[in-house]
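So this block is coords.txt, compact mmCIF, C-alpha atoms (C1' of nucleotides):
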```txt
# COMPACT_ATOMS: atom_id res chain seq x y z
CA MET A 163 -46.81 0.28 -42.11
CA PRO A 164 -47.49 -3.19 -43.32
CA GLU A 165 -47.60 -4.32 -46.89
CA LEU A 166 -47.46 -7.97 -47.85
CA PRO A 167 -43.76 -8.43 -46.99
CA GLU A 168 -44.25 -6.90 -43.55
CA VAL A 169 -47.30 -9.08 -42.90
CA GLU A 170 -45.45 -12.19 -44.08
CA THR A 171 -42.46 -11.25 -41.92
CA THR A 172 -44.83 -10.90 -38.98
CA ARG A 173 -46.45 -14.26 -39.75
CA ARG A 174 -43.12 -16.05 -39.85
CA GLY A 175 -41.94 -14.39 -36.67
CA ILE A 176 -45.07 -15.25 -34.70
CA GLU A 177 -45.72 -18.74 -36.01
CA PRO A 178 -43.26 -20.68 -33.81
CA PHE A 179 -44.73 -19.14 -30.67
CA VAL A 180 -48.40 -19.82 -31.41
CA LEU A 181 -48.63 -22.97 -33.51
CA GLY A 182 -50.19 -25.78 -31.49
CA ARG A 183 -50.48 -23.57 -28.42
CA ALA A 184 -53.78 -23.09 -26.65
CA VAL A 185 -55.18 -19.64 -25.97
CA GLU A 186 -55.41 -19.06 -22.25
CA ALA A 187 -56.90 -15.58 -22.18
CA VAL A 188 -57.68 -12.63 -24.39
CA ALA A 189 -57.54 -9.09 -23.00
CA VAL A 190 -59.25 -6.43 -25.08
CA ARG A 191 -58.47 -2.91 -23.87
CA GLN A 192 -59.74 -1.05 -26.94
CA ARG A 193 -62.56 -2.53 -29.00
CA GLN A 194 -62.89 0.31 -31.50
CA LEU A 195 -60.71 -0.71 -34.41
CA ARG A 196 -61.81 -0.44 -38.03
CA TRP A 197 -64.66 -2.67 -36.98
CA PRO A 198 -65.36 -3.34 -33.32
CA VAL A 199 -63.59 -6.35 -31.86
CA PRO A 200 -66.43 -8.85 -31.27
CA GLU A 201 -67.43 -9.03 -27.64
CA ASP A 202 -67.37 -12.80 -27.74
CA LEU A 203 -63.87 -13.05 -29.25
CA PRO A 204 -62.24 -14.08 -25.95
CA ASP A 205 -64.84 -16.81 -25.43
CA ARG A 206 -64.42 -18.05 -29.00
CA LEU A 207 -60.66 -18.42 -28.64
CA ARG A 208 -60.19 -19.49 -25.04
CA GLY A 209 -58.95 -23.06 -24.70
CA LYS A 210 -58.47 -23.50 -28.47
CA ALA A 211 -55.13 -24.38 -30.03
CA ILE A 212 -53.84 -22.56 -33.11
CA LEU A 213 -53.90 -25.20 -35.85
CA ARG A 214 -52.50 -23.04 -38.64
CA LEU A 215 -51.29 -19.48 -39.10
CA ALA A 216 -52.09 -18.51 -42.67
CA ARG A 217 -51.86 -15.31 -44.67
CA ARG A 218 -54.26 -14.18 -47.41
CA GLY A 219 -53.20 -10.89 -48.92
CA LYS A 220 -52.45 -8.67 -45.95
CA TYR A 221 -54.81 -10.58 -43.66
CA LEU A 222 -53.55 -13.07 -41.09
CA LEU A 223 -55.66 -16.09 -40.19
CA PHE A 224 -55.21 -17.82 -36.85
CA VAL A 225 -57.10 -21.01 -37.58
CA VAL A 226 -58.61 -22.89 -34.66
CA GLU A 227 -61.20 -25.63 -34.42
CA GLY A 228 -64.49 -24.23 -35.70
CA GLY A 229 -63.22 -20.96 -37.12
CA ALA A 230 -60.44 -18.42 -37.19
CA LEU A 231 -59.22 -15.15 -35.82
CA LEU A 232 -58.96 -12.78 -38.79
CA ALA A 233 -56.41 -10.01 -38.26
CA HIS A 234 -55.40 -7.01 -40.37
CA LEU A 235 -52.76 -4.47 -39.38
CA GLY A 236 -54.14 -1.53 -41.35
CA MET A 237 -51.64 1.31 -41.78
CA SER A 238 -50.02 1.38 -38.37
CA GLY A 239 -50.64 -1.98 -36.73
CA SER A 240 -48.17 -4.54 -35.46
CA LEU A 241 -48.30 -7.90 -33.76
CA ARG A 242 -45.44 -8.99 -31.60
CA ILE A 243 -44.57 -11.70 -29.17
CA VAL A 244 -44.03 -10.61 -25.60
CA LEU A 245 -42.29 -13.01 -23.23
CA GLY A 246 -42.32 -12.15 -19.56
CA ASP A 247 -43.40 -8.83 -18.13
CA GLU A 248 -43.35 -5.86 -20.42
CA PRO A 249 -45.20 -2.70 -19.48
CA LEU A 250 -48.09 -1.76 -21.74
CA LYS A 251 -47.44 1.02 -24.19
CA LYS A 252 -49.99 3.44 -25.52
CA HIS A 253 -52.11 1.78 -28.23
CA ASP A 254 -51.39 -1.79 -27.06
CA HIS A 255 -55.04 -2.67 -27.65
CA VAL A 256 -55.23 -6.46 -27.35
CA ASP A 257 -53.24 -9.27 -25.70
CA ILE A 258 -53.69 -12.91 -26.58
CA VAL A 259 -52.05 -14.98 -23.88
CA PHE A 260 -51.02 -18.54 -24.67
CA ALA A 261 -50.50 -21.50 -22.41
CA GLY A 262 -46.84 -21.49 -21.50
CA GLY A 263 -46.69 -17.74 -21.10
CA ALA A 264 -46.10 -16.27 -24.56
CA CYS A 265 -48.30 -13.28 -25.27
CA LEU A 266 -49.27 -11.93 -28.67
CA ARG A 267 -49.68 -8.15 -28.39
CA TYR A 268 -51.64 -6.12 -30.93
CA HIS A 269 -50.56 -2.48 -31.20
CA ASP A 270 -52.19 0.00 -33.58
CA PRO A 271 -52.12 3.78 -33.07
CA ARG A 272 -54.42 4.65 -35.97
CA ARG A 273 -56.77 1.72 -35.39
CA PHE A 274 -57.30 1.03 -39.10
CA GLY A 275 -56.68 -2.65 -38.50
CA CYS A 276 -59.14 -5.27 -37.31
CA LEU A 277 -59.48 -8.41 -35.23
CA LEU A 278 -62.54 -10.46 -36.14
CA TRP A 279 -63.93 -13.88 -35.40
CA VAL A 280 -64.84 -15.91 -38.49
CA PRO A 281 -66.84 -19.09 -38.00
CA GLY A 282 -66.22 -22.02 -40.31
CA ASP A 283 -64.08 -21.62 -43.41
CA PRO A 284 -62.31 -18.26 -43.07
CA LEU A 285 -61.75 -17.92 -46.82
CA ALA A 286 -65.51 -17.70 -47.24
CA HIS A 287 -65.60 -14.47 -45.24
CA PRO A 288 -66.79 -11.50 -47.34
CA LEU A 289 -63.50 -9.65 -46.76
CA LEU A 290 -61.54 -12.53 -48.26
CA ALA A 291 -63.90 -14.14 -50.74
CA GLU A 292 -63.51 -11.46 -53.44
CA LEU A 293 -59.75 -10.99 -53.20
CA GLY A 294 -57.60 -11.44 -56.29
CA PRO A 295 -54.82 -14.03 -56.59
CA GLU A 296 -51.69 -14.00 -54.48
CA PRO A 297 -48.73 -12.58 -56.44
CA PHE A 298 -46.95 -15.92 -56.00
CA ASP A 299 -49.89 -17.95 -57.34
CA ALA A 300 -49.58 -19.62 -60.72
CA GLY A 301 -52.66 -17.66 -61.82
CA PHE A 302 -50.91 -14.31 -61.44
CA THR A 303 -49.40 -13.82 -64.88
CA GLY A 304 -48.87 -11.09 -67.42
CA GLU A 305 -51.72 -12.52 -69.44
CA TYR A 306 -54.02 -12.26 -66.44
CA LEU A 307 -53.06 -8.60 -65.89
CA HIS A 308 -53.31 -7.78 -69.58
CA ALA A 309 -56.77 -9.34 -69.90
CA ALA A 310 -58.07 -7.55 -66.78
CA ALA A 311 -56.71 -4.20 -68.01
CA GLN A 312 -58.65 -4.14 -71.25
CA GLY A 313 -60.85 -1.03 -71.43
CA ARG A 314 -59.48 0.36 -68.15
CA ALA A 315 -58.55 4.04 -68.21
CA THR A 316 -57.27 4.12 -64.63
CA ALA A 317 -53.57 4.67 -63.98
CA VAL A 318 -51.60 1.41 -63.99
CA LYS A 319 -50.34 2.09 -60.46
CA THR A 320 -53.89 2.42 -59.11
CA PHE A 321 -54.81 -0.68 -61.13
CA ILE A 322 -52.16 -2.96 -59.61
CA MET A 323 -52.94 -1.72 -56.08
CA ASP A 324 -56.54 -2.98 -56.32
CA SER A 325 -56.75 -6.02 -54.03
CA HIS A 326 -59.57 -7.43 -56.12
CA LEU A 327 -57.10 -7.71 -59.00
CA VAL A 328 -54.08 -8.99 -57.05
CA VAL A 329 -53.40 -8.85 -53.31
CA GLY A 330 -50.42 -7.48 -51.51
CA VAL A 331 -49.21 -4.69 -53.79
CA GLY A 332 -49.26 -1.61 -51.57
CA ASN A 333 -47.97 1.88 -52.21
CA ILE A 334 -44.27 1.23 -51.63
CA TYR A 335 -43.97 -1.88 -53.75
CA ALA A 336 -46.26 -0.61 -56.51
CA ASN A 337 -43.86 2.30 -56.95
CA GLU A 338 -40.81 0.04 -56.85
CA ALA A 339 -42.18 -2.60 -59.24
CA LEU A 340 -43.17 0.01 -61.82
CA PHE A 341 -39.72 1.57 -61.63
CA ARG A 342 -38.09 -1.80 -62.22
CA ALA A 343 -40.45 -2.40 -65.13
CA GLY A 344 -39.73 1.04 -66.63
CA ILE A 345 -43.44 1.81 -66.74
CA ASP A 346 -44.78 5.32 -66.05
CA PRO A 347 -47.20 4.89 -63.11
CA ARG A 348 -49.62 7.38 -64.70
CA ARG A 349 -50.04 5.36 -67.89
CA ALA A 350 -53.57 4.08 -68.51
CA ALA A 351 -53.82 0.39 -67.54
CA GLY A 352 -55.58 -0.48 -70.79
CA ARG A 353 -52.81 1.00 -72.93
CA ILE A 354 -50.02 -1.34 -71.90
CA GLY A 355 -49.11 -4.38 -73.97
CA ALA A 356 -49.00 -8.03 -72.99
CA GLY A 357 -45.22 -8.17 -73.05
CA ARG A 358 -44.82 -5.33 -70.60
CA TYR A 359 -47.45 -6.88 -68.31
CA ALA A 360 -45.48 -10.14 -68.32
CA GLU A 361 -42.41 -8.21 -67.13
CA LEU A 362 -44.48 -6.30 -64.57
CA ALA A 363 -45.95 -9.50 -63.09
CA ARG A 364 -42.46 -10.95 -62.78
CA LEU A 365 -41.08 -7.78 -61.17
CA ILE A 366 -43.95 -7.48 -58.68
CA ARG A 367 -43.04 -10.99 -57.52
CA GLU A 368 -39.36 -10.12 -57.48
CA VAL A 369 -39.71 -6.97 -55.41
CA LEU A 370 -42.04 -8.63 -52.89
CA GLN A 371 -39.77 -11.66 -52.64
CA GLN A 372 -36.70 -9.50 -52.00
CA ALA A 373 -38.54 -7.44 -49.41
CA ILE A 374 -39.63 -10.58 -47.56
CA ALA A 375 -36.06 -11.88 -47.64
CA GLN A 376 -34.88 -8.62 -46.05
CA GLY A 377 -37.53 -8.64 -43.35
CA GLY A 378 -39.73 -5.98 -44.92
CA THR A 379 -39.33 -2.24 -45.17
CA THR A 380 -39.00 -0.26 -41.98
CA LEU A 381 -40.40 3.24 -42.05
CA ARG A 382 -40.61 5.20 -38.84
CA ASP A 383 -40.80 2.70 -36.00
CA PHE A 384 -41.99 -0.49 -37.63
CA VAL A 385 -40.64 -3.57 -35.94
CA ASN A 386 -41.48 -7.16 -36.75
CA ALA A 387 -42.66 -9.83 -34.37
CA SER A 388 -39.31 -10.10 -32.63
CA GLY A 389 -38.91 -6.34 -32.40
CA LYS A 390 -36.35 -6.08 -35.19
CA PRO A 391 -36.51 -3.65 -38.11
CA GLY A 392 -36.64 -4.62 -41.79
CA TYR A 393 -33.85 -3.73 -44.16
CA PHE A 394 -35.58 -3.32 -47.51
CA GLN A 395 -35.66 0.44 -47.05
CA GLN A 396 -32.03 0.51 -48.15
CA THR A 397 -33.14 -1.09 -51.42
CA LEU A 398 -35.87 1.42 -52.29
CA ALA A 399 -35.12 3.03 -55.65
CA VAL A 400 -37.93 5.59 -55.86
CA TYR A 401 -40.29 5.49 -52.85
CA GLY A 402 -39.78 8.55 -50.67
CA ARG A 403 -36.90 9.78 -52.87
CA GLU A 404 -38.40 12.88 -54.50
CA GLY A 405 -35.67 15.12 -55.90
CA LEU A 406 -32.91 12.58 -55.22
CA PRO A 407 -30.95 11.11 -58.13
CA CYS A 408 -32.34 8.11 -59.99
CA VAL A 409 -30.19 5.05 -59.35
CA LEU A 410 -30.14 4.34 -63.09
CA CYS A 411 -29.80 7.70 -64.86
CA GLY A 412 -28.98 10.17 -62.09
CA GLY A 413 -31.90 12.45 -62.95
CA PRO A 414 -34.22 13.68 -60.18
CA ILE A 415 -37.03 11.42 -58.96
CA ARG A 416 -40.40 13.09 -59.38
CA SER A 417 -43.49 12.84 -57.17
CA VAL A 418 -47.16 13.10 -58.14
CA ARG A 419 -50.44 12.06 -56.54
CA LEU A 420 -52.44 9.22 -58.03
CA GLY A 421 -55.62 8.04 -56.38
CA GLN A 422 -54.73 10.13 -53.31
CA ARG A 423 -51.47 8.22 -52.89
CA SER A 424 -47.95 9.59 -53.20
CA THR A 425 -46.34 8.30 -56.35
CA PHE A 426 -42.64 8.38 -57.17
CA TYR A 427 -41.04 7.74 -60.53
CA CYS A 428 -38.15 8.62 -62.79
CA PRO A 429 -39.44 10.61 -65.78
CA ARG A 430 -36.42 9.56 -67.86
CA CYS A 431 -36.50 5.83 -67.12
CA GLN A 432 -40.26 5.20 -66.96
CA HIS A 433 -42.59 5.51 -69.94
C1' DC B 133 -69.34 -1.78 -64.23
C1' DA B 134 -65.55 1.78 -63.47
C1' DA B 135 -63.79 5.75 -61.17
C1' DC B 136 -63.48 8.77 -57.49
C1' DG B 137 -63.74 10.85 -52.88
C1' DG B 138 -64.66 10.27 -48.16
C1' DA B 139 -64.29 7.80 -44.15
C1' DC B 140 -61.95 5.62 -40.29
C1' DC B 141 -57.70 7.40 -36.51
C1' DT B 142 -53.23 9.15 -34.25
C1' DG B 143 -48.69 10.98 -34.67
C1' DC B 144 -45.20 13.47 -36.78
C1' DC B 145 -43.30 17.11 -39.44
C1' DT B 146 -43.35 21.70 -41.56
C1' DG B 147 -44.18 26.40 -41.72
C1' DC B 148 -46.14 30.53 -39.96
C1' DT C 45 -43.43 27.81 -28.17
C1' DG C 46 -48.01 27.13 -30.15
C1' DC C 47 -50.97 25.93 -33.55
C1' DA C 48 -52.87 24.77 -38.11
C1' DG C 49 -52.31 22.01 -41.95
C1' DG C 50 -50.72 18.24 -44.48
C1' DC C 51 -49.13 13.75 -44.76
C1' DA C 52 -48.45 8.58 -43.53
C1' DG C 53 -47.32 1.53 -45.17
C1' DG C 54 -54.88 0.24 -46.17
C1' DT C 55 -59.17 -0.55 -48.04
C1' DC C 56 -64.12 -0.42 -47.54
C1' DC C 57 -68.15 2.01 -48.94
C1' DG C 58 -71.19 5.33 -50.99
C1' DT C 59 -71.85 8.36 -54.83
C1' DT C 60 -71.36 9.66 -59.60
```

The structure given in the file should be rewritten as structure tokens.
Amino acid sequence: MPELPEVETTRRGIEPFVLGRAVEAVAVRQRQLRWPVPEDLPDRLRGKAILRLARRGKYLLFVVEGGALLAHLGMSGSLRIVLGDEPLKKHDHVDIVFAGGACLRYHDPRRFGCLLWVPGDPLAHPLLAELGPEPFDAGFTGEYLHAAAQGRATAVKTFIMDSHLVVGVGNIYANEALFRAGIDPRRAAGRIGAGRYAELARLIREVLQQAIAQGGTTLRDFVNASGKPGYFQQTLAVYGREGLPCVLCGGPIRSVRLGQRSTFYCPRCQH
DNA sequence: CAACGGACCTGCCTGC
DNA sequence: TGCAGGCAGGTCCGTT
């Protein structure tokens, strides 16, 4: 479900309800996520105010005095604010109740996400320390991509989805950015020139920025923090459109598998 | 190192 | 209608 735009949409939706608020209680109904929810998480958070709600890649960081709650939504997770009584649904695994009554509810059918306690500086955590630059960082440039690609035989789509290279480019937006750049997703990363990488870096930023502005992409039942869907799905040019006409040339969109992920492209427009 | 496959889970859709 | 199989927005980890 969540790629960077969905996580950022979630962050923005939640922020006003949690910033400066103290955690009153944490209810963990299912500990077995990607990694077990630490048993002492409720004790770590209780009574502490959220000082900052940051995002690093697709991770969310609820920073409190002395550490942070590190959250990831995996493939199927969501975080939403619940005000008042709302019956629990299946897979509502964790509630974080704030002073004043707002409740942050973590829902994740596949349980690929995580909720971890990180003491001290959260960016020093092993999951975050080795991540590549944010796509909106000054360091994320065509030159950076071009330099990192030298000698790499892997497909360019697999290459740009590696979070150690750059964070936040998931399957949907990798497909969309490569379409906009006119680059065949199967092309070897090391066989693409600096000029094309400059365009690709720009278009990765563009597609993510647009998706954030539209509240993310809603597939199946994704809803953001306020329970509303995202509208970027209407903007998708290739993702999920196998056999449908290319928005540029009218030819059929083709699908292949790359690195065990569905890949969509226009064979006439992408080389 | 780089590249690849498996692993973690549930739900939904398709086809027999 | 039931059931098996394949697929899904992520990404870590172990093996070549």

Practice prompt. Using all atoms listed in the file, determine which residues of chain C fall within 12 Å of chain A; present them as an MDAnalysis selection string.
Written response: chainID C and resid 51:56

Any chance you could export the current selection's C-alpha atoms (C1' of nucleotides) as a PDB file, keeping the file's coordinate frame?
```pdb
ATOM      1  C1'  DC C  51     -49.130  13.750 -44.760  1.00  0.00           C
ATOM      2  C1'  DA C  52     -48.450   8.580 -43.530  1.00  0.00           C
ATOM      3  C1'  DG C  53     -47.320   1.530 -45.170  1.00  0.00           C
ATOM      4  C1'  DG C  54     -54.880   0.240 -46.170  1.00  0.00           C
ATOM      5  C1'  DT C  55     -59.170  -0.550 -48.040  1.00  0.00           C
ATOM      6  C1'  DC C  56     -64.120  -0.420 -47.540  1.00  0.00           C
TER       7       DC C  56
END
```

Might you pull out every residue within 12 Å of range 241-246 of chain A, with only C-alpha atoms (C1' of nucleotides) counted and same-chain residues fewer than 3 positions away left off, and present them as a PDB file with C-alpha atoms, in the frame of the given file?
```
ATOM      1  CA  MET A 163     -46.810   0.280 -42.110  1.00  0.00           C
ATOM      2  CA  PRO A 164     -47.490  -3.190 -43.320  1.00  0.00           C
ATOM      3  CA  GLU A 168     -44.250  -6.900 -43.550  1.00  0.00           C
ATOM      4  CA  VAL A 169     -47.300  -9.080 -42.900  1.00  0.00           C
ATOM      5  CA  GLU A 170     -45.450 -12.190 -44.080  1.00  0.00           C
ATOM      6  CA  THR A 171     -42.460 -11.250 -41.920  1.00  0.00           C
ATOM      7  CA  THR A 172     -44.830 -10.900 -38.980  1.00  0.00           C
ATOM      8  CA  ARG A 173     -46.450 -14.260 -39.750  1.00  0.00           C
ATOM      9  CA  ARG A 174     -43.120 -16.050 -39.850  1.00  0.00           C
ATOM     10  CA  GLY A 175     -41.940 -14.390 -36.670  1.00  0.00           C
ATOM     11  CA  ILE A 176     -45.070 -15.250 -34.700  1.00  0.00           C
ATOM     12  CA  GLU A 177     -45.720 -18.740 -36.010  1.00  0.00           C
ATOM     13  CA  PRO A 178     -43.260 -20.680 -33.810  1.00  0.00           C
ATOM     14  CA  PHE A 179     -44.730 -19.140 -30.670  1.00  0.00           C
ATOM     15  CA  VAL A 180     -48.400 -19.820 -31.410  1.00  0.00           C
ATOM     16  CA  LEU A 222     -53.550 -13.070 -41.090  1.00  0.00           C
ATOM     17  CA  ALA A 233     -56.410 -10.010 -38.260  1.00  0.00           C
ATOM     18  CA  HIS A 234     -55.400  -7.010 -40.370  1.00  0.00           C
ATOM     19  CA  LEU A 235     -52.760  -4.470 -39.380  1.00  0.00           C
ATOM     20  CA  GLY A 236     -54.140  -1.530 -41.350  1.00  0.00           C
ATOM     21  CA  SER A 238     -50.020   1.380 -38.370  1.00  0.00           C
ATOM     22  CA  PRO A 249     -45.200  -2.700 -19.480  1.00  0.00           C
ATOM     23  CA  LEU A 250     -48.090  -1.760 -21.740  1.00  0.00           C
ATOM     24  CA  HIS A 253     -52.110   1.780 -28.230  1.00  0.00           C
ATOM     25  CA  ASP A 254     -51.390  -1.790 -27.060  1.00  0.00           C
ATOM     26  CA  HIS A 255     -55.040  -2.670 -27.650  1.00  0.00           C
ATOM     27  CA  VAL A 256     -55.230  -6.460 -27.350  1.00  0.00           C
ATOM     28  CA  ASP A 257     -53.240  -9.270 -25.700  1.00  0.00           C
ATOM     29  CA  ILE A 258     -53.690 -12.910 -26.580  1.00  0.00           C
ATOM     30  CA  VAL A 259     -52.050 -14.980 -23.880  1.00  0.00           C
ATOM     31  CA  PHE A 260     -51.020 -18.540 -24.670  1.00  0.00           C
ATOM     32  CA  ALA A 261     -50.500 -21.500 -22.410  1.00  0.00           C
ATOM     33  CA  GLY A 262     -46.840 -21.490 -21.500  1.00  0.00           C
ATOM     34  CA  GLY A 263     -46.690 -17.740 -21.100  1.00  0.00           C
ATOM     35  CA  ALA A 264     -46.100 -16.270 -24.560  1.00  0.00           C
ATOM     36  CA  CYS A 265     -48.300 -13.280 -25.270  1.00  0.00           C
ATOM     37  CA  LEU A 266     -49.270 -11.930 -28.670  1.00  0.00           C
ATOM     38  CA  ARG A 267     -49.680  -8.150 -28.390  1.00  0.00           C
ATOM     39  CA  TYR A 268     -51.640  -6.120 -30.930  1.00  0.00           C
ATOM     40  CA  HIS A 269     -50.560  -2.480 -31.200  1.00  0.00           C
ATOM     41  CA  ASP A 270     -52.190   0.000 -33.580  1.00  0.00           C
ATOM     42  CA  GLY A 275     -56.680  -2.650 -38.500  1.00  0.00           C
ATOM     43  CA  CYS A 276     -59.140  -5.270 -37.310  1.00  0.00           C
ATOM     44  CA  LEU A 277     -59.480  -8.410 -35.230  1.00  0.00           C
ATOM     45  CA  PHE A 384     -41.990  -0.490 -37.630  1.00  0.00           C
ATOM     46  CA  VAL A 385     -40.640  -3.570 -35.940  1.00  0.00           C
ATOM     47  CA  ASN A 386     -41.480  -7.160 -36.750  1.00  0.00           C
ATOM     48  CA  ALA A 387     -42.660  -9.830 -34.370  1.00  0.00           C
ATOM     49  CA  SER A 388     -39.310 -10.100 -32.630  1.00  0.00           C
ATOM     50  CA  GLY A 389     -38.910  -6.340 -32.400  1.00  0.00           C
ATOM     51  CA  LYS A 390     -36.350  -6.080 -35.190  1.00  0.00           C
TER      52      LYS A 390
END
```

Sorted by chain and rising residue number, list the residues of chain A at most 6 Å from chain B (counting all atoms listed in the file), each with its closest atom pair and distance in Å to one decimal, as CSV.
```
residue,atom,partner,partner_atom,distance
A:Pro271,CA,B:DT142,C1',5.6
A:Arg272,CA,B:DC141,C1',4.3
A:Arg273,CA,B:DC141,C1',5.9
```

Discussion item. Which residues are near Phe426 in chain A? Cut-off 12 Å, all atoms listed in the file, ignore same chain within fewer than 2 positions. Put them as a PyMOL selection string.
Written reply: chain A and resi 319+333-341+345-348+398-406+408+414-420+423-424+428-429+431-432

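Our summary of the geometry notes that CA of Pro200 in chain A is positioned 10.2 Å from CA of Val280 in chain A.
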
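Atom pair CA of Gly229 in chain A / CA of Arg191 in chain A: separated by 22.9 Å.
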
Item to complete: Rounded to one decimal place, report the CA of Glu368 in chain A-CA of Ala343 in chain A distance in Å.
Response: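 Computing it gives 10.9 Å between the two atoms.
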
Please determine an axis-aligned box that encloses all atoms of range 46-56 of chain C listed in the file, with 4 Å added on each side, and express its centre and edge lengths in Å to one decimal as AutoDock Vina command-line options.
```
--center_x -55.7 --center_y 13.3 --center_z -39.1 --size_x 24.8 --size_y 35.7 --size_z 25.9
```
